[in-house]
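Text of model04.txt, listed as compact mmCIF, C-alpha atoms and all ligand atoms:
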# COMPACT_ATOMS: atom_id res chain seq x y z
CA MET A 937 0.00 0.00 0.00
CA SER A 938 1.40 3.39 -1.03
CA ASP A 939 1.93 5.95 1.72
CA THR A 940 0.94 8.66 -0.74
CA ALA A 941 -2.76 9.11 -1.52
CA LEU A 942 -2.40 11.76 -4.21
CA GLU A 943 0.64 13.24 -5.90
CA ALA A 944 0.45 15.85 -8.63
CA THR A 945 3.27 17.14 -10.77
CA GLY A 946 2.70 19.85 -13.36
CA LEU A 947 -0.94 18.79 -13.43
CA GLY A 948 -3.21 20.77 -15.74
CA LYS A 949 -6.70 20.44 -17.19
CA ARG A 950 -8.12 22.53 -20.00
CA PHE A 951 -11.66 22.06 -21.31
CA GLY A 952 -11.65 22.27 -25.09
CA ARG A 953 -8.74 23.37 -27.23
CA ARG A 954 -9.50 27.02 -26.84
CA GLY A 955 -10.96 26.88 -23.35
CA GLY A 956 -9.24 28.34 -20.34
CA TRP A 957 -7.30 26.24 -17.88
CA ALA A 958 -9.49 24.89 -15.09
CA LEU A 959 -6.33 23.76 -13.32
CA ARG A 960 -2.69 24.45 -14.14
CA ASP A 961 0.79 23.59 -12.82
CA ALA A 962 -0.62 21.82 -9.79
CA ALA A 963 2.10 20.20 -7.69
CA PHE A 964 1.42 18.71 -4.28
CA ARG A 965 1.63 15.50 -2.30
CA LEU A 966 -1.11 14.26 0.01
CA PRO A 967 0.14 11.53 2.35
CA ALA A 968 -2.20 8.58 2.95
CA GLY A 969 -4.42 8.67 6.02
CA ARG A 970 -4.96 12.43 6.06
CA VAL A 971 -8.25 14.29 6.14
CA CYS A 972 -7.71 17.06 3.62
CA ALA A 973 -9.73 20.23 3.13
CA LEU A 974 -9.94 21.43 -0.45
CA VAL A 975 -10.96 25.09 -0.45
CA GLY A 976 -11.07 27.94 -2.92
CA PRO A 977 -13.47 30.38 -4.56
CA ASN A 978 -16.10 29.41 -7.17
CA GLY A 979 -14.44 28.28 -10.37
CA ALA A 980 -11.07 27.70 -8.68
CA GLY A 981 -10.71 24.16 -10.02
CA LYS A 982 -11.73 22.09 -6.98
CA SER A 983 -14.30 19.90 -8.75
CA THR A 984 -11.91 19.50 -11.67
CA LEU A 985 -9.16 18.25 -9.36
CA LEU A 986 -11.54 15.79 -7.67
CA ALA A 987 -12.80 14.50 -11.05
CA LEU A 988 -9.18 14.01 -12.20
CA ALA A 989 -8.42 12.08 -8.99
CA ALA A 990 -11.56 9.97 -9.47
CA GLY A 991 -10.32 9.06 -12.96
CA LEU A 992 -13.38 10.65 -14.60
CA LEU A 993 -11.35 13.23 -16.54
CA PRO A 994 -7.98 12.82 -18.23
CA PRO A 995 -5.38 15.49 -17.46
CA THR A 996 -4.36 17.78 -20.33
CA GLU A 997 -0.79 17.90 -19.04
CA GLY A 998 1.30 16.68 -16.13
CA ARG A 999 0.66 13.71 -13.92
CA LEU A 1000 -1.54 12.67 -11.02
CA THR A 1001 -0.91 9.45 -9.13
CA VAL A 1002 -3.70 8.03 -6.97
CA LEU A 1003 -2.84 5.50 -4.23
CA GLY A 1004 0.51 5.00 -5.96
CA GLY A 1005 -0.88 4.25 -9.45
CA THR A 1006 -2.99 5.73 -12.20
CA PRO A 1007 -6.41 7.24 -11.36
CA ALA A 1008 -8.14 4.62 -13.55
CA GLY A 1009 -6.22 1.77 -11.90
CA ALA A 1010 -7.15 3.01 -8.41
CA ARG A 1011 -10.87 3.48 -9.12
CA ALA A 1012 -12.02 0.34 -7.26
CA ARG A 1013 -10.34 1.68 -4.11
CA VAL A 1014 -11.69 5.22 -4.43
CA GLY A 1015 -15.09 6.54 -3.35
CA PHE A 1016 -16.33 9.70 -5.05
CA VAL A 1017 -19.33 11.83 -4.20
CA ALA A 1018 -19.73 14.44 -6.94
CA GLN A 1019 -21.24 17.86 -6.27
CA ASP A 1020 -24.56 17.00 -7.96
CA LYS A 1021 -24.75 13.55 -6.28
CA PRO A 1022 -25.74 11.57 -9.39
CA LEU A 1023 -27.94 8.60 -8.47
CA TYR A 1024 -30.57 6.64 -10.40
CA PRO A 1025 -33.86 8.48 -9.67
CA GLN A 1026 -36.09 5.49 -10.43
CA LEU A 1027 -34.37 3.17 -7.92
CA THR A 1028 -35.41 2.94 -4.28
CA VAL A 1029 -32.93 3.56 -1.46
CA ALA A 1030 -32.70 -0.20 -0.81
CA GLU A 1031 -32.16 -0.94 -4.52
CA THR A 1032 -29.44 1.73 -4.64
CA LEU A 1033 -27.57 0.08 -1.77
CA ARG A 1034 -28.03 -3.33 -3.39
CA MET A 1035 -26.51 -1.92 -6.56
CA GLY A 1036 -23.54 -0.70 -4.45
CA ALA A 1037 -23.15 -4.23 -3.08
CA ASP A 1038 -23.34 -5.77 -6.58
CA LEU A 1039 -20.78 -3.34 -7.99
CA ASN A 1040 -18.33 -3.87 -5.11
CA PRO A 1041 -18.67 -7.56 -4.25
CA GLU A 1042 -15.23 -7.86 -2.64
CA ARG A 1043 -15.37 -4.74 -0.51
CA TRP A 1044 -19.01 -3.89 0.30
CA ASP A 1045 -19.65 -2.91 3.92
CA ALA A 1046 -23.44 -3.25 4.19
CA ALA A 1047 -23.56 -2.37 7.88
CA THR A 1048 -21.89 1.03 7.37
CA ALA A 1049 -24.01 1.88 4.32
CA GLU A 1050 -27.24 0.93 6.11
CA GLN A 1051 -26.23 2.83 9.22
CA VAL A 1052 -25.66 6.03 7.21
CA VAL A 1053 -29.09 5.68 5.58
CA ALA A 1054 -30.80 4.80 8.87
CA GLY A 1055 -29.35 7.93 10.52
CA GLY A 1056 -31.60 9.99 8.25
CA ASP A 1057 -34.79 8.03 9.02
CA LEU A 1058 -35.03 7.20 5.32
CA ASP A 1059 -37.56 4.63 4.26
CA PRO A 1060 -35.57 2.05 2.22
CA ARG A 1061 -38.62 1.78 -0.09
CA SER A 1062 -38.51 5.50 -1.04
CA ARG A 1063 -37.53 6.27 -4.62
CA ILE A 1064 -34.44 8.44 -5.04
CA ARG A 1065 -36.48 10.96 -7.08
CA SER A 1066 -38.75 11.56 -4.10
CA LEU A 1067 -35.89 12.46 -1.73
CA SER A 1068 -34.78 15.96 -0.72
CA GLY A 1069 -31.31 17.20 -1.70
CA GLY A 1070 -29.91 16.45 1.76
CA GLN A 1071 -31.47 12.96 1.81
CA ARG A 1072 -29.89 12.23 -1.57
CA THR A 1073 -26.54 13.35 -0.19
CA ARG A 1074 -26.98 10.85 2.61
CA VAL A 1075 -27.60 8.00 0.13
CA ALA A 1076 -24.62 9.10 -2.00
CA LEU A 1077 -22.39 9.10 1.12
CA ALA A 1078 -23.76 5.69 2.13
CA LEU A 1079 -22.81 4.32 -1.32
CA ALA A 1080 -19.33 5.84 -1.15
CA LEU A 1081 -18.65 4.67 2.42
CA GLY A 1082 -20.12 1.22 1.78
CA LYS A 1083 -17.43 0.71 -0.80
CA ARG A 1084 -14.91 0.90 2.10
CA PRO A 1085 -12.62 3.08 0.01
CA GLU A 1086 -8.97 3.79 0.75
CA LEU A 1087 -9.50 7.29 -0.63
CA LEU A 1088 -12.77 9.17 -0.33
CA LEU A 1089 -13.25 12.22 -2.58
CA LEU A 1090 -16.15 14.42 -1.52
CA ASP A 1091 -17.22 17.49 -3.48
CA GLU A 1092 -19.03 19.83 -1.08
CA PRO A 1093 -20.61 16.91 0.78
CA MET A 1094 -22.11 19.00 3.57
CA ALA A 1095 -23.60 21.79 1.42
CA ASP A 1096 -27.24 20.71 1.57
CA LEU A 1097 -27.30 18.93 4.91
CA ASP A 1098 -29.03 20.36 7.98
CA PRO A 1099 -26.78 21.14 11.00
CA LEU A 1100 -27.58 17.91 12.84
CA ALA A 1101 -26.99 15.78 9.73
CA ARG A 1102 -23.70 17.61 9.12
CA HIS A 1103 -22.55 16.93 12.63
CA GLU A 1104 -23.58 13.28 12.50
CA LEU A 1105 -22.11 12.57 9.06
CA MET A 1106 -18.89 14.47 9.77
CA GLY A 1107 -18.57 12.22 12.85
CA THR A 1108 -19.15 9.14 10.67
CA LEU A 1109 -16.45 10.29 8.23
CA MET A 1110 -13.95 10.98 11.02
CA ALA A 1111 -14.67 7.57 12.59
CA GLU A 1112 -14.11 5.94 9.18
CA ALA A 1113 -10.79 7.77 8.81
CA ALA A 1114 -9.68 6.81 12.34
CA GLN A 1115 -10.76 3.16 12.12
CA TYR A 1116 -9.56 2.29 8.62
CA GLY A 1117 -6.95 4.98 7.89
CA THR A 1118 -9.12 6.20 5.00
CA THR A 1119 -7.76 9.30 3.27
CA ILE A 1120 -10.51 11.88 2.82
CA VAL A 1121 -10.41 14.89 0.51
CA MET A 1122 -13.35 17.18 1.10
CA SER A 1123 -14.12 20.40 -0.74
CA SER A 1124 -16.07 23.05 1.14
CA HIS A 1125 -16.73 26.76 1.28
CA VAL A 1126 -17.28 26.71 5.04
CA VAL A 1127 -13.74 26.85 6.38
CA ALA A 1128 -14.76 27.02 10.04
CA GLU A 1129 -16.44 23.63 9.59
CA LEU A 1130 -13.17 22.05 8.47
CA GLU A 1131 -10.92 23.43 11.19
CA ASP A 1132 -11.61 20.68 13.74
CA SER A 1133 -11.72 17.75 11.34
CA CYS A 1134 -8.99 18.30 8.74
CA ASP A 1135 -5.24 17.99 9.17
CA HIS A 1136 -4.20 18.84 5.60
CA LEU A 1137 -5.08 21.72 3.28
CA LEU A 1138 -5.20 22.30 -0.45
CA LEU A 1139 -6.19 25.84 -1.37
CA ALA A 1140 -7.04 26.38 -5.03
CA GLY A 1141 -7.38 29.76 -6.70
CA SER A 1142 -7.71 30.70 -10.38
CA GLY A 1143 -6.79 27.18 -11.43
CA ARG A 1144 -3.61 27.05 -9.29
CA ILE A 1145 -2.85 25.26 -6.05
CA ARG A 1146 -1.84 28.17 -3.85
CA LEU A 1147 -1.36 26.47 -0.48
CA ALA A 1148 -0.64 22.79 0.05
CA GLY A 1149 0.47 20.99 3.17
CA GLU A 1150 -0.22 19.95 6.73
CA ILE A 1151 -2.41 22.60 8.34
CA ASP A 1152 -0.10 22.84 11.38
CA ASP A 1153 2.92 23.46 9.12
CA LEU A 1154 1.06 26.04 7.02
CA LEU A 1155 -0.13 27.88 10.14
CA ALA A 1156 3.37 27.75 11.65
CA ALA A 1157 4.80 29.31 8.46
CA HIS A 1158 2.54 32.36 8.84
CA LEU A 1159 2.20 35.10 11.45
CA ARG A 1160 -0.31 37.82 12.08
CA VAL A 1161 1.63 40.94 13.00
CA SER A 1162 0.61 44.41 14.06
CA GLY A 1163 2.59 47.52 14.84
CA ALA A 1164 3.00 51.21 14.11
CA ALA A 1165 2.36 51.83 10.40
CA GLU A 1166 5.03 54.52 10.18
CA SER A 1167 7.95 52.49 11.48
CA THR A 1168 7.07 48.93 10.38
CA ASP A 1169 9.06 47.65 7.43
CA LEU A 1170 7.99 44.16 6.29
CA SER A 1171 9.85 44.26 2.97
CA ALA A 1172 12.19 41.40 4.00
CA HIS A 1173 9.21 39.07 4.45
CA THR A 1174 6.49 37.59 2.25
CA VAL A 1175 3.43 39.74 2.85
CA VAL A 1176 0.19 37.90 2.08
CA GLU A 1177 -2.01 40.76 3.21
CA SER A 1178 -1.48 44.08 4.95
CA ARG A 1179 -3.89 46.79 6.06
CA VAL A 1180 -3.38 50.19 7.65
CA THR A 1181 -6.08 51.49 9.99
CA GLY A 1182 -5.21 54.91 11.36
CA ARG A 1183 -1.61 54.57 12.54
CA GLN A 1184 -1.81 50.83 12.98
CA LEU A 1185 -0.59 48.29 10.47
CA THR A 1186 -1.84 44.71 10.63
CA ALA A 1187 -0.55 42.06 8.27
CA LEU A 1188 -0.42 38.37 7.60
CA ILE A 1189 3.12 37.43 6.61
CA ARG A 1190 5.45 34.53 6.04
CA PRO A 1191 8.48 35.60 8.03
CA ALA A 1192 11.80 35.20 6.25
CA GLY A 1193 13.96 35.99 9.29
CA PRO A 1194 13.88 37.88 12.59
CA LEU A 1195 11.10 40.43 13.07
CA PRO A 1196 11.40 43.85 14.67
CA GLY A 1197 10.97 43.42 18.45
CA ASP A 1198 8.19 46.00 18.77
CA LEU A 1199 5.75 44.05 16.57
CA ARG A 1200 2.92 42.12 18.19
CA THR A 1201 2.61 38.66 16.66
CA SER A 1202 0.17 35.75 16.81
CA VAL A 1203 -0.40 32.53 14.92
CA PRO A 1204 -3.42 32.86 12.58
CA SER A 1205 -6.42 30.55 12.66
CA LEU A 1206 -7.08 28.36 9.62
CA GLU A 1207 -9.98 30.62 8.65
CA GLU A 1208 -7.79 33.75 8.86
CA LEU A 1209 -5.11 32.08 6.76
CA VAL A 1210 -7.56 30.93 4.08
CA LEU A 1211 -9.48 34.21 3.93
CA ALA A 1212 -6.24 36.23 3.63
CA HIS A 1213 -5.15 34.10 0.66
CA LEU A 1214 -8.60 34.27 -0.94
CA ARG A 1215 -8.62 38.08 -0.62
CA ASN A 1216 -5.12 38.28 -2.08
CA PRO A 1217 -4.92 35.94 -5.08
CA GLY A 1218 -1.55 37.41 -6.05
CA ALA A 1219 0.19 36.29 -2.82
CA PRO A 1220 3.01 33.79 -3.48
CA ALA A 1221 2.04 30.10 -3.29
CA LEU A 1222 3.40 27.80 -0.59
CA SER A 1223 3.73 24.04 -0.54
CA ALA A 1224 4.65 23.00 2.98
CA ALA A 1225 4.65 19.25 2.34
CA PRO A 1226 7.88 17.70 1.08
CA ALA A 1227 7.31 16.44 -2.47
CA VAL A 1228 8.50 12.91 -1.73
CA THR A 1229 7.73 10.56 -4.59
CA GLN A 1230 6.47 7.16 -3.46
CA GLY A 1231 5.78 4.49 -6.05
CA SER A 1232 5.04 5.42 -9.62
CA ALA A 1233 2.14 5.44 -12.02
CA ALA A 1234 1.99 2.74 -14.61
N1 LIG B 1 -17.09 20.48 -18.36
C1 LIG B 1 -16.57 21.71 -18.43
N2 LIG B 1 -16.48 22.35 -19.61
C2 LIG B 1 -15.94 23.60 -19.69
N3 LIG B 1 -15.44 24.27 -18.64
C3 LIG B 1 -15.50 23.69 -17.44
C4 LIG B 1 -16.08 22.39 -17.25
N4 LIG B 1 -16.00 22.06 -15.94
C5 LIG B 1 -15.42 23.12 -15.33
N5 LIG B 1 -15.12 24.09 -16.21
C6 LIG B 1 -14.45 25.37 -15.93
O1 LIG B 1 -13.28 25.10 -15.17
C7 LIG B 1 -13.13 26.07 -14.12
C8 LIG B 1 -13.02 25.35 -12.79
O2 LIG B 1 -14.29 24.78 -12.51
P1 LIG B 1 -14.53 23.84 -11.23
O3 LIG B 1 -15.93 23.32 -11.33
O4 LIG B 1 -13.42 22.86 -11.14
O5 LIG B 1 -14.42 24.90 -10.04
P2 LIG B 1 -14.80 24.74 -8.49
O6 LIG B 1 -13.62 25.26 -7.72
O7 LIG B 1 -15.25 23.37 -8.19
O8 LIG B 1 -16.02 25.77 -8.35
P3 LIG B 1 -17.30 25.79 -7.34
O9 LIG B 1 -16.79 26.22 -6.00
O10 LIG B 1 -18.17 26.84 -7.96
O11 LIG B 1 -17.92 24.42 -7.34
C9 LIG B 1 -14.30 27.02 -14.23
O12 LIG B 1 -13.86 28.16 -14.94
C10 LIG B 1 -15.32 26.25 -15.01
O13 LIG B 1 -16.11 27.11 -15.81

Could you rewrite the structure in this file as structure tokens?
Amino acid sequence: MSDTALEATGLGKRFGRRGGWALRDAAFRLPAGRVCALVGPNGAGKSTLLALAAGLLPPTEGRLTVLGGTPAGARARVGFVAQDKPLYPQLTVAETLRMGADLNPERWDAATAEQVVAGGDLDPRSRIRSLSGGQRTRVALALALGKRPELLLLDEPMADLDPLARHELMGTLMAEAAQYGTTIVMSSHVVAELEDSCDHLLLAGSGRIRLAGEIDDLLAAHLRVSGAAESTDLSAHTVVESRVTGRQLTALIRPAGPLPGDLRTSVPSLEELVLAHLRNPGAPALSAAPAVTQGSAA
């Protein structure tokens, strides 16, 4: 088993010959067993990256290895819940789970799939077309988890769930990760929701991966600083964002050496770090994870 879940080098995807790049020059390594937040503004390339990892789209350039091999070769070991949760509308919930069992005879975990469905008080005889958006999400997650995947790719899984369902299903996902060492990549726009559950971050922006690495390492590489606007010179450091209010300067920086002693400093929260990078798309990218290559794609 590879200790790398995903590894991208020079990865790019363009739709159509004349289309723009949905993703370009992506380079990162996601170690196996991590719970990874994939964040970024609308159109940043998150769904494209997940579809590439699920083997549903071919890259235009570069390379992406999944569980140490090609995306197509890893598909049986990967669970994918797409943003629009495609399911067969004419099937019932029970028939959908049976289909999951039939398609994954070696790996199917009926107890987990049924438990996820039961948590939503869903009648197994209900047709998929009669379910609400959140109920469909629950069935799609049940299908993906029932497959007992080594890598679970979730595109905005929590977006249409009520707060209790979010809490319950996030708990189910974390338990899955803890019990089986499942790697989870989860895109979301609600950063605060990810702070407690994720240990790795991929931040996409304008088709580029702008931050990649362990959240603790990324936070440790940044500082929030504040001091007198007149006398504070941050030119030796990488400034992600800076703002002057009256005589006070506050900034989020990546220090490149000692800081003036009169500056007040604090470690940013994940939300502060992400928001600062989203507000400042021109800030230099940072990959805090060592790009160790494990295994190789066929
Ligand atoms: N099938 C497609 N054909 C043409 N362009 C596409 C296609 N899919 C995505 N794109 C373009 O690629 C870019 C990235 O889209 P993508 O869906 O990956 O973004 P995203 O980060 O998931 O956005 P959101 O947060 O809105 O879901 C966008 O400019 C989008 O218009």

Query raised in the report: A:Thr1108, A:Ser1066, A:Thr984, A:Gln1051: which is nearest ligand LIG 1 (chain B), counting only C-alpha atoms and all ligand atoms?
Result: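 For ligand LIG 1 (chain B), the nearest of the candidates is A:Thr984.
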
Report task. Tell me which protein, DNA and RNA residues are within 12 Å of Ala1018 in chain A, counting all atoms listed in the file, leaving out same-chain ones fewer than 2 positions away, and put them as a ChimeraX atom specification. Result -> /A:982-990,992,1015-1016,1020-1023,1072-1073,1076-1077,1079-1080,1088-1095,1121-1123

For the residues in that selection, give me C-alpha atoms as an mmCIF file, keeping the file's coordinate frame.
data_model
loop_
_atom_site.group_PDB
_atom_site.id
_atom_site.type_symbol
_atom_site.label_atom_id
_atom_site.label_comp_id
_atom_site.auth_asym_id
_atom_site.auth_seq_id
_atom_site.Cartn_x
_atom_site.Cartn_y
_atom_site.Cartn_z
ATOM 1 C CA LYS A 982 -11.730 22.090 -6.980
ATOM 2 C CA SER A 983 -14.300 19.900 -8.750
ATOM 3 C CA THR A 984 -11.910 19.500 -11.670
ATOM 4 C CA LEU A 985 -9.160 18.250 -9.360
ATOM 5 C CA LEU A 986 -11.540 15.790 -7.670
ATOM 6 C CA ALA A 987 -12.800 14.500 -11.050
ATOM 7 C CA LEU A 988 -9.180 14.010 -12.200
ATOM 8 C CA ALA A 989 -8.420 12.080 -8.990
ATOM 9 C CA ALA A 990 -11.560 9.970 -9.470
ATOM 10 C CA LEU A 992 -13.380 10.650 -14.600
ATOM 11 C CA GLY A 1015 -15.090 6.540 -3.350
ATOM 12 C CA PHE A 1016 -16.330 9.700 -5.050
ATOM 13 C CA ASP A 1020 -24.560 17.000 -7.960
ATOM 14 C CA LYS A 1021 -24.750 13.550 -6.280
ATOM 15 C CA PRO A 1022 -25.740 11.570 -9.390
ATOM 16 C CA LEU A 1023 -27.940 8.600 -8.470
ATOM 17 C CA ARG A 1072 -29.890 12.230 -1.570
ATOM 18 C CA THR A 1073 -26.540 13.350 -0.190
ATOM 19 C CA ALA A 1076 -24.620 9.100 -2.000
ATOM 20 C CA LEU A 1077 -22.390 9.100 1.120
ATOM 21 C CA LEU A 1079 -22.810 4.320 -1.320
ATOM 22 C CA ALA A 1080 -19.330 5.840 -1.150
ATOM 23 C CA LEU A 1088 -12.770 9.170 -0.330
ATOM 24 C CA LEU A 1089 -13.250 12.220 -2.580
ATOM 25 C CA LEU A 1090 -16.150 14.420 -1.520
ATOM 26 C CA ASP A 1091 -17.220 17.490 -3.480
ATOM 27 C CA GLU A 1092 -19.030 19.830 -1.080
ATOM 28 C CA PRO A 1093 -20.610 16.910 0.780
ATOM 29 C CA MET A 1094 -22.110 19.000 3.570
ATOM 30 C CA ALA A 1095 -23.600 21.790 1.420
ATOM 31 C CA VAL A 1121 -10.410 14.890 0.510
ATOM 32 C CA MET A 1122 -13.350 17.180 1.100
ATOM 33 C CA SER A 1123 -14.120 20.400 -0.740
#

Query raised in the report: Could you list, as a count of residues only, all the residues within 10 Å of ligand LIG 1 (chain B), counting only C-alpha atoms and all ligand atoms?
Result: 37

For Lys1083 in chain A, please output as a PDB file with C-alpha atoms, in the coordinates of the input all residues within 9 Å (counting all atoms listed in the file; exclusion window: fewer than 3 positions along the same chain).
ATOM      1  CA  ALA A1012     -12.020   0.340  -7.260  1.00  0.00           C
ATOM      2  CA  ARG A1013     -10.340   1.680  -4.110  1.00  0.00           C
ATOM      3  CA  VAL A1014     -11.690   5.220  -4.430  1.00  0.00           C
ATOM      4  CA  GLY A1015     -15.090   6.540  -3.350  1.00  0.00           C
ATOM      5  CA  GLY A1036     -23.540  -0.700  -4.450  1.00  0.00           C
ATOM      6  CA  ALA A1037     -23.150  -4.230  -3.080  1.00  0.00           C
ATOM      7  CA  LEU A1039     -20.780  -3.340  -7.990  1.00  0.00           C
ATOM      8  CA  ASN A1040     -18.330  -3.870  -5.110  1.00  0.00           C
ATOM      9  CA  ARG A1043     -15.370  -4.740  -0.510  1.00  0.00           C
ATOM     10  CA  TRP A1044     -19.010  -3.890   0.300  1.00  0.00           C
ATOM     11  CA  ASP A1045     -19.650  -2.910   3.920  1.00  0.00           C
ATOM     12  CA  ALA A1046     -23.440  -3.250   4.190  1.00  0.00           C
ATOM     13  CA  ALA A1049     -24.010   1.880   4.320  1.00  0.00           C
ATOM     14  CA  ALA A1078     -23.760   5.690   2.130  1.00  0.00           C
ATOM     15  CA  LEU A1079     -22.810   4.320  -1.320  1.00  0.00           C
ATOM     16  CA  ALA A1080     -19.330   5.840  -1.150  1.00  0.00           C
TER      17      ALA A1080
END

Check which residues of range 1170-1214 of chain A sit at most 9 Å from range 1146-1162 of chain A using all atoms listed in the file, and return one row each with the closest pair of atoms and their distance in Å to one decimal, ordered by chain and rising number, as a tab-separated table.
residue	atom	partner	partner_atom	distance
A:Gln1184	CA	A:Ser1162	CA	6.9
A:Leu1185	CA	A:Ser1162	CA	5.4
A:Thr1186	CA	A:Ser1162	CA	4.2
A:Ala1187	CA	A:Val1161	CA	5.3
A:Leu1188	CA	A:Arg1160	CA	4.5
A:Ile1189	CA	A:Leu1159	CA	5.4
A:Arg1190	CA	A:His1158	CA	4.6
A:Pro1191	CA	A:His1158	CA	6.8
A:Leu1199	CA	A:Ser1162	CA	5.7
A:Arg1200	CA	A:Ser1162	CA	5.3
A:Thr1201	CA	A:Val1161	CA	4.4
A:Ser1202	CA	A:Arg1160	CA	5.2
A:Val1203	CA	A:Leu1159	CA	5.0
A:Pro1204	CA	A:Arg1160	CA	5.9
A:Ser1205	CA	A:Leu1155	CA	7.3
A:Leu1206	CA	A:Leu1155	CA	7.0
A:Leu1209	CA	A:Leu1155	CA	7.3
A:Val1210	CA	A:Leu1147	CA	8.9
A:His1213	CA	A:Arg1146	CA	8.2

Query - Of the listed residues A:Leu1000, A:Ala963, A:Val1180, A:Val971, that which approaches Glu1112 in chain A most closely, counting only C-alpha atoms - result: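 Ranked by minimum distance to Glu1112 in chain A, first place goes to A:Val971.
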
Query - Proximity to Met1110 in chain A - best of A:Arg970, A:Arg960, A:Arg954, A:Arg1183, only C-alpha atoms - result: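 Once distances to Met1110 in chain A are computed over only C-alpha atoms, the minimum belongs to A:Arg970.
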
Report task. Give me, please, the distance in Å between CA of Gly1069 in chain A and CA of Asp1096 in chain A, quoted to one decimal. Result -> 6.3 Å

Report task. Rank nothing, just name the residue among A:Leu1109, A:Ala973, A:Leu1081, A:Leu1138 nearest to Ala944 in chain A, using all atoms listed in the file. Result -> A:Leu1138

Query raised in the report: Counting only C-alpha atoms, which of A:Leu1033, A:Val1053, A:Ala1165, A:Leu1211 gets nearest to Glu1104 in chain A?
Result: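 Among the listed residues, A:Val1053 lies closest to Glu1104 in chain A.
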
Requested in this report: Go through A:Ala1164, A:Val1176, A:Leu1003, A:Val1075 one by one, measure the shortest atom-to-atom distance of each to Arg965 in chain A using only C-alpha atoms, and give the residue with the smallest value.
Outcome: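 Closest candidate: A:Leu1003.
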
Query raised in the report: In Å, how far is it from CA of Leu1222 in chain A to CA of Asp961 in chain A?
Result: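 It comes out at 13.2 Å.
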
Range 1158-1169 of chain A, all listed atoms, 6 Å padding on each side: what axis-aligned box centre and edge lengths in Å to one decimal come out, as lines of an AutoDock Vina configuration file?
center_x = 4.4
center_y = 43.4
center_z = 11.1
size_x = 21.4
size_y = 34.2
size_z = 19.4
